[in-house]
>>> print(open('work09.cif').read())   # mmCIF, C-alpha atoms
data_final
#
loop_
_atom_site.group_PDB
_atom_site.id
_atom_site.type_symbol
_atom_site.label_atom_id
_atom_site.label_comp_id
_atom_site.auth_asym_id
_atom_site.auth_seq_id
_atom_site.Cartn_x
_atom_site.Cartn_y
_atom_site.Cartn_z
ATOM 1 C CA MET A 174 43.231 94.638 132.619
ATOM 2 C CA ARG A 175 45.035 91.746 130.947
ATOM 3 C CA ALA A 176 48.438 91.004 132.448
ATOM 4 C CA PRO A 177 51.399 91.677 130.198
ATOM 5 C CA THR A 178 52.885 88.680 128.478
ATOM 6 C CA GLN A 179 55.946 87.360 130.291
ATOM 7 C CA VAL A 180 58.975 85.978 128.469
ATOM 8 C CA SER A 181 60.986 83.146 129.936
ATOM 9 C CA ARG A 182 64.757 83.456 130.159
ATOM 10 C CA ARG A 183 64.943 79.848 129.019
ATOM 11 C CA ALA A 184 63.182 80.764 125.774
ATOM 12 C CA CYS A 185 65.658 83.565 125.159
ATOM 13 C CA PRO A 186 68.821 83.141 127.246
ATOM 14 C CA PHE A 187 70.918 85.860 125.568
ATOM 15 C CA PRO A 188 71.045 89.379 127.035
ATOM 16 C CA PRO A 189 70.465 92.271 124.601
ATOM 17 C CA PHE A 190 74.120 93.340 124.431
ATOM 18 C CA ALA A 191 75.135 89.813 123.430
ATOM 19 C CA LEU A 192 72.438 89.766 120.753
ATOM 20 C CA SER A 193 73.647 93.083 119.383
ATOM 21 C CA PHE A 194 77.193 91.754 119.148
ATOM 22 C CA LEU A 195 76.017 88.540 117.505
ATOM 23 C CA LEU A 196 73.878 90.326 114.922
ATOM 24 C CA ALA A 197 76.618 92.837 114.165
ATOM 25 C CA LEU A 198 79.056 89.986 113.664
ATOM 26 C CA LEU A 199 76.680 88.212 111.301
ATOM 27 C CA LEU A 200 75.361 91.207 109.415
ATOM 28 C CA GLY A 201 78.148 93.637 109.041
ATOM 29 C CA GLY A 202 81.158 94.310 111.224
ATOM 30 C CA SER A 203 81.828 97.490 113.131
ATOM 31 C CA ALA A 204 82.333 101.165 112.377
ATOM 32 C CA THR A 205 85.054 103.684 112.924
ATOM 33 C CA ALA A 206 84.355 107.381 112.920
ATOM 34 C CA ALA A 207 87.458 108.225 110.876
ATOM 35 C CA THR A 208 86.497 105.963 107.965
ATOM 36 C CA LEU A 209 84.427 107.841 105.379
ATOM 37 C CA PRO A 210 82.661 107.046 102.100
ATOM 38 C CA CYS A 211 84.997 107.476 99.136
ATOM 39 C CA PRO A 212 84.207 110.489 96.930
ATOM 40 C CA ALA A 213 83.086 109.487 93.443
ATOM 41 C CA THR A 214 85.114 112.262 91.816
ATOM 42 C CA THR A 215 87.828 114.313 93.465
ATOM 43 C CA THR A 216 91.494 115.251 93.146
ATOM 44 C CA LEU A 217 94.460 113.223 94.239
ATOM 45 C CA ASP A 218 95.436 115.581 97.052
ATOM 46 C CA VAL A 219 92.115 114.796 98.767
ATOM 47 C CA LEU A 220 92.813 111.067 98.579
ATOM 48 C CA LEU A 221 96.264 111.530 100.106
ATOM 49 C CA ALA A 222 94.517 112.325 103.395
ATOM 50 C CA PHE A 223 93.284 108.705 103.529
ATOM 51 C CA ASN A 224 96.626 107.499 104.828
ATOM 52 C CA SER A 225 95.914 104.508 107.082
ATOM 53 C CA PRO A 226 93.391 101.671 107.619
ATOM 54 C CA GLY A 227 91.818 103.664 110.453
ATOM 55 C CA ASN A 228 91.701 106.781 108.304
ATOM 56 C CA GLY A 229 90.609 105.408 104.948
ATOM 57 C CA CYS A 230 87.560 105.565 102.722
ATOM 58 C CA PHE A 231 85.186 102.789 101.754
ATOM 59 C CA SER A 232 83.230 101.873 98.629
ATOM 60 C CA GLN A 233 80.729 99.067 99.037
ATOM 61 C CA ASP A 234 82.697 96.491 101.067
ATOM 62 C CA VAL A 235 86.157 97.679 100.003
ATOM 63 C CA LEU A 236 88.484 99.865 102.068
ATOM 64 C CA PHE A 237 91.016 102.185 100.349
ATOM 65 C CA TYR A 238 93.892 103.891 102.127
ATOM 66 C CA GLY A 239 97.615 104.648 101.895
ATOM 67 C CA PHE A 240 97.299 106.810 98.774
ATOM 68 C CA GLN A 241 100.661 108.030 97.530
ATOM 69 C CA TYR A 242 101.818 110.375 94.788
ATOM 70 C CA ALA A 243 105.347 111.608 94.112
ATOM 71 C CA PRO A 244 105.547 113.851 91.025
ATOM 72 C CA ALA A 245 108.877 114.717 89.417
ATOM 73 C CA GLY A 246 110.021 116.914 86.556
ATOM 74 C CA ASN A 247 107.113 118.894 85.180
ATOM 75 C CA ALA A 248 104.448 116.489 86.500
ATOM 76 C CA THR A 249 101.305 118.138 87.838
ATOM 77 C CA PRO A 250 100.985 118.381 91.639
ATOM 78 C CA ALA A 251 98.410 116.191 93.368
ATOM 79 C CA SER A 252 95.834 118.994 93.436
ATOM 80 C CA GLY A 253 95.806 119.009 89.607
ATOM 81 C CA VAL A 254 95.312 115.255 89.149
ATOM 82 C CA ALA A 255 91.668 114.211 88.798
ATOM 83 C CA ALA A 256 90.668 110.987 90.545
ATOM 84 C CA SER A 257 87.463 109.045 89.970
ATOM 85 C CA LEU A 258 86.224 105.982 91.818
ATOM 86 C CA VAL A 259 85.871 102.806 89.773
ATOM 87 C CA PHE A 260 82.966 100.562 90.706
ATOM 88 C CA GLN A 261 81.144 98.093 88.509
ATOM 89 C CA SER A 262 78.742 95.547 89.964
ATOM 90 C CA GLY A 263 77.985 92.082 88.663
ATOM 91 C CA ASP A 264 78.994 88.467 89.240
ATOM 92 C CA VAL A 265 82.523 89.884 89.393
ATOM 93 C CA ALA A 266 82.679 93.407 90.830
ATOM 94 C CA ILE A 267 85.393 95.877 89.797
ATOM 95 C CA HIS A 268 86.869 98.355 92.287
ATOM 96 C CA GLY A 269 89.681 100.862 91.976
ATOM 97 C CA TRP A 270 90.660 104.345 90.861
ATOM 98 C CA ASN A 271 91.191 106.188 87.598
ATOM 99 C CA PHE A 272 93.651 109.084 87.628
ATOM 100 C CA SER A 273 93.577 111.726 84.881
ATOM 101 C CA ASP A 274 96.026 114.427 83.866
ATOM 102 C CA SER A 275 98.395 115.314 81.040
ATOM 103 C CA TRP A 276 101.725 113.898 82.107
ATOM 104 C CA SER A 277 103.839 115.031 79.160
ATOM 105 C CA GLN A 278 107.356 116.010 78.222
ATOM 106 C CA SER A 279 108.032 119.743 77.995
ATOM 107 C CA GLY A 280 111.274 120.357 76.137
ATOM 108 C CA ALA A 281 113.982 118.441 77.919
ATOM 109 C CA THR A 282 111.947 118.184 81.125
ATOM 110 C CA LEU A 283 110.202 114.889 81.646
ATOM 111 C CA ALA A 284 106.993 114.282 83.556
ATOM 112 C CA SER A 285 107.375 111.301 85.814
ATOM 113 C CA PHE A 286 105.549 110.116 88.901
ATOM 114 C CA THR A 287 104.913 107.311 91.352
ATOM 115 C CA LEU A 288 101.362 106.792 92.567
ATOM 116 C CA GLY A 289 99.378 104.065 94.246
ATOM 117 C CA TYR A 290 97.131 102.966 97.080
ATOM 118 C CA SER A 291 96.256 100.023 99.303
ATOM 119 C CA ILE A 292 93.038 98.035 99.159
ATOM 120 C CA GLU A 293 91.515 95.699 101.703
ATOM 121 C CA MET A 294 88.242 93.887 102.044
ATOM 122 C CA CYS A 295 86.172 94.563 105.144
ATOM 123 C CA PRO A 296 85.620 91.190 106.783
ATOM 124 C CA SER A 297 82.978 90.817 109.463
ATOM 125 C CA GLY A 298 84.144 91.960 112.868
ATOM 126 C CA GLN A 299 86.962 94.174 111.586
ATOM 127 C CA PRO A 300 87.059 97.979 112.033
ATOM 128 C CA CYS A 301 85.693 99.002 108.662
ATOM 129 C CA PHE A 302 82.583 101.087 108.118
ATOM 130 C CA GLY A 303 80.226 100.564 105.204
ATOM 131 C CA ASN A 304 78.392 97.830 103.375
ATOM 132 C CA VAL A 305 80.364 94.974 104.897
ATOM 133 C CA VAL A 306 79.707 91.656 103.198
ATOM 134 C CA PRO A 307 81.462 88.717 104.861
ATOM 135 C CA GLY A 308 82.886 86.289 102.318
ATOM 136 C CA THR A 309 83.938 88.831 99.687
ATOM 137 C CA VAL A 310 87.542 88.390 98.551
ATOM 138 C CA LEU A 311 89.906 89.943 96.028
ATOM 139 C CA THR A 312 90.321 87.622 93.064
ATOM 140 C CA ALA A 313 92.339 89.575 90.455
ATOM 141 C CA ALA A 314 93.745 92.967 89.461
ATOM 142 C CA ASP A 315 94.909 94.826 86.379
ATOM 143 C CA ALA A 316 96.328 98.166 85.238
ATOM 144 C CA VAL A 317 95.819 100.340 82.177
ATOM 145 C CA TYR A 318 96.985 103.705 80.875
ATOM 146 C CA ALA A 319 96.051 105.951 77.955
ATOM 147 C CA PRO A 320 99.089 107.002 75.908
ATOM 148 C CA VAL A 321 99.065 110.083 73.693
ATOM 149 C CA SER A 322 99.526 108.739 70.181
ATOM 150 C CA VAL A 323 101.433 111.707 68.724
ATOM 151 C CA PHE A 324 104.315 111.184 71.144
ATOM 152 C CA PRO A 325 106.077 107.950 72.061
ATOM 153 C CA PRO A 326 104.973 107.625 75.685
ATOM 154 C CA GLY A 327 107.242 106.469 78.421
ATOM 155 C CA GLN A 328 106.577 103.180 80.093
ATOM 156 C CA ALA A 329 104.697 102.678 83.340
ATOM 157 C CA VAL A 330 105.770 99.864 85.636
ATOM 158 C CA VAL A 331 103.052 98.610 87.973
ATOM 159 C CA ASP A 332 103.910 96.568 91.051
ATOM 160 C CA TRP A 333 101.625 94.792 93.513
ATOM 161 C CA SER A 334 102.737 93.972 97.030
ATOM 162 C CA ASN A 335 102.227 90.236 96.449
ATOM 163 C CA GLY A 336 105.202 90.316 94.052
ATOM 164 C CA ALA A 337 103.405 90.673 90.704
ATOM 165 C CA THR A 338 104.517 93.282 88.176
ATOM 166 C CA VAL A 339 103.575 94.419 84.652
ATOM 167 C CA THR A 340 104.925 97.067 82.277
ATOM 168 C CA LEU A 341 102.537 99.309 80.340
ATOM 169 C CA THR A 342 103.786 100.686 77.019
ATOM 170 C CA SER A 343 102.295 102.308 73.918
ATOM 171 C CA GLY A 344 102.207 98.839 72.357
ATOM 172 C CA SER A 345 100.462 97.278 75.352
ATOM 173 C CA PRO A 346 98.704 99.996 77.360
ATOM 174 C CA GLY A 347 96.557 97.436 79.163
ATOM 175 C CA PRO A 348 94.602 96.158 80.810
ATOM 176 C CA LEU A 349 97.533 94.067 81.971
ATOM 177 C CA PRO A 350 97.633 91.291 82.791
ATOM 178 C CA GLY A 351 94.999 90.450 80.201
ATOM 179 C CA ASN A 352 93.067 88.092 82.479
ATOM 180 C CA GLY A 353 93.528 90.236 85.577
ATOM 181 C CA ASN A 354 95.366 87.420 87.336
ATOM 182 C CA ILE A 355 98.236 88.776 89.449
ATOM 183 C CA GLY A 356 98.655 85.652 91.524
ATOM 184 C CA LEU A 357 96.002 86.229 94.159
ATOM 185 C CA GLY A 358 95.047 82.574 93.819
ATOM 186 C CA ALA A 359 91.747 81.655 95.381
ATOM 187 C CA GLY A 360 91.390 85.160 96.739
ATOM 188 C CA THR A 361 92.452 87.282 99.658
ATOM 189 C CA ILE A 362 90.961 89.973 101.860
ATOM 190 C CA GLY A 363 94.186 91.975 101.548
ATOM 191 C CA PRO A 364 95.697 94.328 102.201
ATOM 192 C CA VAL A 365 97.281 94.626 98.757
ATOM 193 C CA THR A 366 99.258 97.709 97.729
ATOM 194 C CA VAL A 367 99.525 98.683 94.069
ATOM 195 C CA THR A 368 102.173 101.164 92.900
ATOM 196 C CA GLU A 369 102.680 102.622 89.416
ATOM 197 C CA THR A 370 105.858 104.403 88.313
ATOM 198 C CA PHE A 371 105.779 106.359 85.052
ATOM 199 C CA SER A 372 108.960 107.654 83.450
ATOM 200 C CA GLY A 373 110.399 108.537 80.062
ATOM 201 C CA SER A 374 109.529 110.814 77.187
ATOM 202 C CA GLY A 375 106.066 111.192 75.705
ATOM 203 C CA ALA A 376 102.769 111.599 77.491
ATOM 204 C CA ILE A 377 99.807 109.814 79.025
ATOM 205 C CA THR A 378 96.412 111.257 79.900
ATOM 206 C CA GLN A 379 95.027 108.773 82.394
ATOM 207 C CA THR A 380 95.774 105.565 84.210
ATOM 208 C CA SER A 381 93.561 103.072 86.048
ATOM 209 C CA LEU A 382 94.503 100.619 88.779
ATOM 210 C CA ARG A 383 91.692 98.119 89.326
ATOM 211 C CA PHE A 384 90.829 95.115 91.471
ATOM 212 C CA TYR A 385 88.193 92.425 91.045
ATOM 213 C CA THR A 386 86.104 90.808 93.764
ATOM 214 C CA ASN A 387 83.730 87.882 93.871
ATOM 215 C CA THR A 388 80.052 88.320 94.641
ATOM 216 C CA PRO A 389 79.437 86.834 98.109
ATOM 217 C CA PRO A 390 77.139 83.802 98.223
ATOM 218 C CA VAL A 391 73.715 83.996 99.799
ATOM 219 C CA PRO A 392 74.003 83.187 103.543
ATOM 220 C CA GLU A 393 73.428 79.552 104.398
ATOM 221 C CA PRO A 394 69.980 78.629 105.774
ATOM 222 C CA ALA A 395 71.501 77.975 109.197
ATOM 223 C CA THR A 396 72.930 81.497 109.282
ATOM 224 C CA LEU A 397 69.623 83.011 108.208
ATOM 225 C CA THR A 398 67.847 80.984 110.897
ATOM 226 C CA LEU A 399 70.269 82.224 113.545
ATOM 227 C CA VAL A 400 69.804 85.827 112.456
ATOM 228 C CA THR A 401 66.013 85.452 112.503
ATOM 229 C CA ALA A 402 66.146 83.853 115.924
ATOM 230 C CA GLY A 403 68.368 86.653 117.188
ATOM 231 C CA LEU A 404 65.942 89.323 115.979
ATOM 232 C CA ALA A 405 63.001 87.506 117.542
ATOM 233 C CA CYS A 406 64.937 87.079 120.761
ATOM 234 C CA ALA A 407 65.780 90.773 120.868
ATOM 235 C CA ALA A 408 62.100 91.604 120.460
ATOM 236 C CA ALA A 409 61.231 89.176 123.258
ATOM 237 C CA TRP A 410 63.710 90.829 125.596
ATOM 238 C CA GLY A 411 62.158 94.175 124.783
ATOM 239 C CA ARG A 412 58.676 92.890 125.667
ATOM 240 C CA ARG A 413 60.013 91.369 128.897
ATOM 241 C CA ARG A 414 61.574 94.675 129.988
ATOM 242 C CA GLU A 415 58.303 96.446 129.233
ATOM 243 C CA ALA A 416 56.394 93.899 131.311
ATOM 244 C CA VAL A 417 58.771 94.327 134.243
ATOM 245 C CA ALA A 418 58.426 98.114 134.013
ATOM 246 C CA LEU A 419 54.624 97.871 134.068
ATOM 247 C CA ARG A 420 54.611 95.637 137.147
ATOM 248 C CA SER A 421 56.959 97.970 138.995
ATOM 249 C CA ARG A 422 54.816 101.103 138.474
ATOM 250 C CA PRO A 423 52.972 102.366 141.600
ATOM 251 C CA ARG A 424 49.228 101.689 141.521
#
>>> encode(input="work09.cif", output="structure tokens")
Amino acid sequence: MRAPTQVSRRACPFPPFALSFLLALLLGGSATAATLPCPATTTLDVLLAFNSPGNGCFSQDVLFYGFQYAPAGNATPASGVAASLVFQSGDVAIHGWNFSDSWSQSGATLASFTLGYSIEMCPSGQPCFGNVVPGTVLTAADAVYAPVSVFPPGQAVVDWSNGATVTLTSGSPGPLPGNGNIGLGAGTIGPVTVTETFSGSGAITQTSLRFYTNTPPVPEPATLTLVTAGLACAAAWGRRREAVALRSRPR
């Protein structure tokens, strides 16, 4: 019987655990059990459970967490506010959340609220589960709300944790800023927290808080070569272990 092919350590000096780490670093980061896929449609009370980076939800290569909602007056509780995930692919991808309800004045009682969330990219090697794409960064953000035309709606002030702020009114319900530029510059992986505070008479039916990301470039040829070599090396180690096992069997 033909002897099994032997693999030299010199040809493949890396042990399997090192290869696994290398490939994970190149191809997608690590996973945490508490991080779950974001629901496409849900209610705001469900999102409030995603309260930390280690207990967040992911969409593509974006991590959401730190959801907050503080209703006042006759505003609907979190369980009555519909929430839908915003995702649009393309050269510039759009990520975020749309919140829907009827926040309206009832007599002398006003409906006001504060809501928001934090967003962070999932860079390679960080504890984020999902479709991790190294090189993706946040490039811009905007906010929009839908006022009810028969009532003069109150204003909504939107603040981002990098210091940017805009005010949504019936005359300018958004998206604001018009070009999405909130001073992120060349881009950041975050985290960035966005907070919207609605107050005053009138009503709105929905509001969206959105972020834009670049589309990561194709990996450089050197990176692709390293990944290919790592896969081939892992296969070689597997064949070597099989060969050693065959030689050690009793005859």
>>> closest_atom_pairs(input="work09.cif", of="region 329-351 of chain A", to="region 277-288 of chain A", cutoff="10 Å", atoms="all atoms listed in the file", output="JSON lines")
{"residue": "A:Ala329", "atom": "CA", "partner": "A:Thr287", "partner_atom": "CA", "distance": 9.3}
{"residue": "A:Val330", "atom": "CA", "partner": "A:Thr287", "partner_atom": "CA", "distance": 9.4}
{"residue": "A:Val331", "atom": "CA", "partner": "A:Thr287", "partner_atom": "CA", "distance": 9.5}
>>> resolve_selection(input="work09.cif", expression="the PyMOL selection byres ((chain A and resi 366-369) around 8)", output="PyMOL selection string")
chain A and resi 287-292+329-334+364-365+370-371+382
>>> atom_distance(input="work09.cif", atom1="CA of Thr361 (chain A)", atom2="CA of Asn271 (chain A)")
22.5 Å
>>> resolve_selection(input="work09.cif", expression="the PyMOL selection byres ((chain A and resi 256) around 7)", output="MDAnalysis selection string")
chainID A and resid 214:217 254:255 257:258 270:273
>>> atom_distance(input="work09.cif", atom1="CA of Ala359 (chain A)", atom2="CA of Thr338 (chain A)")
18.7 Å
>>> resolve_selection(input="work09.cif", expression="the PyMOL selection byres ((chain A and resi 340-354) around 9)", output="CSV table (one decimal) with C-alpha atoms, in the coordinates of the input")
chain,number,residue,atom,x,y,z
A,312,THR,CA,90.3,87.6,93.1
A,313,ALA,CA,92.3,89.6,90.5
A,314,ALA,CA,93.7,93.0,89.5
A,315,ASP,CA,94.9,94.8,86.4
A,316,ALA,CA,96.3,98.2,85.2
A,317,VAL,CA,95.8,100.3,82.2
A,318,TYR,CA,97.0,103.7,80.9
A,319,ALA,CA,96.1,106.0,78.0
A,320,PRO,CA,99.1,107.0,75.9
A,321,VAL,CA,99.1,110.1,73.7
A,322,SER,CA,99.5,108.7,70.2
A,325,PRO,CA,106.1,108.0,72.1
A,326,PRO,CA,105.0,107.6,75.7
A,327,GLY,CA,107.2,106.5,78.4
A,328,GLN,CA,106.6,103.2,80.1
A,329,ALA,CA,104.7,102.7,83.3
A,330,VAL,CA,105.8,99.9,85.6
A,331,VAL,CA,103.1,98.6,88.0
A,332,ASP,CA,103.9,96.6,91.1
A,338,THR,CA,104.5,93.3,88.2
A,339,VAL,CA,103.6,94.4,84.7
A,355,ILE,CA,98.2,88.8,89.4
A,356,GLY,CA,98.7,85.7,91.5
A,357,LEU,CA,96.0,86.2,94.2
A,358,GLY,CA,95.0,82.6,93.8
A,381,SER,CA,93.6,103.1,86.0
A,383,ARG,CA,91.7,98.1,89.3
A,384,PHE,CA,90.8,95.1,91.5
A,385,TYR,CA,88.2,92.4,91.0
>>> atom_distance(input="work09.cif", atom1="CA of Asn247 (chain A)", atom2="CA of Ser372 (chain A)")
11.5 Å
>>> residues_around(input="work09.cif", residues="Leu221 (chain A)", least_positions_apart="6", cutoff="9 Å", atoms="all atoms listed in the file", output="list in words")
Tyr238, Gly239, Phe240, Gln241, Tyr242 and Ala251 of chain A
>>> axis_aligned_box(input="work09.cif", around="region 311-325 of chain A", padding_each_side="6 Å", output="lines of an AutoDock Vina configuration file")
center_x = 98.0
center_y = 99.7
center_z = 82.4
size_x = 28.2
size_y = 36.1
size_z = 39.3
>>> closest_residue(input="work09.cif", among="A:Ala222, A:Ala266, A:Ala337, A:Ile362", to="Gly308 (chain A)", atoms="all atoms listed in the file")
A:Ile362
>>> closest_residue(input="work09.cif", among="A:Ser275, A:Ser225, A:Asn387, A:Ser262", to="Thr249 (chain A)", atoms="all atoms listed in the file")
A:Ser275
>>> closest_residue(input="work09.cif", among="A:Cys295, A:Val265, A:Val219, A:Val259", to="Thr380 (chain A)", atoms="only C-alpha atoms")
A:Val259
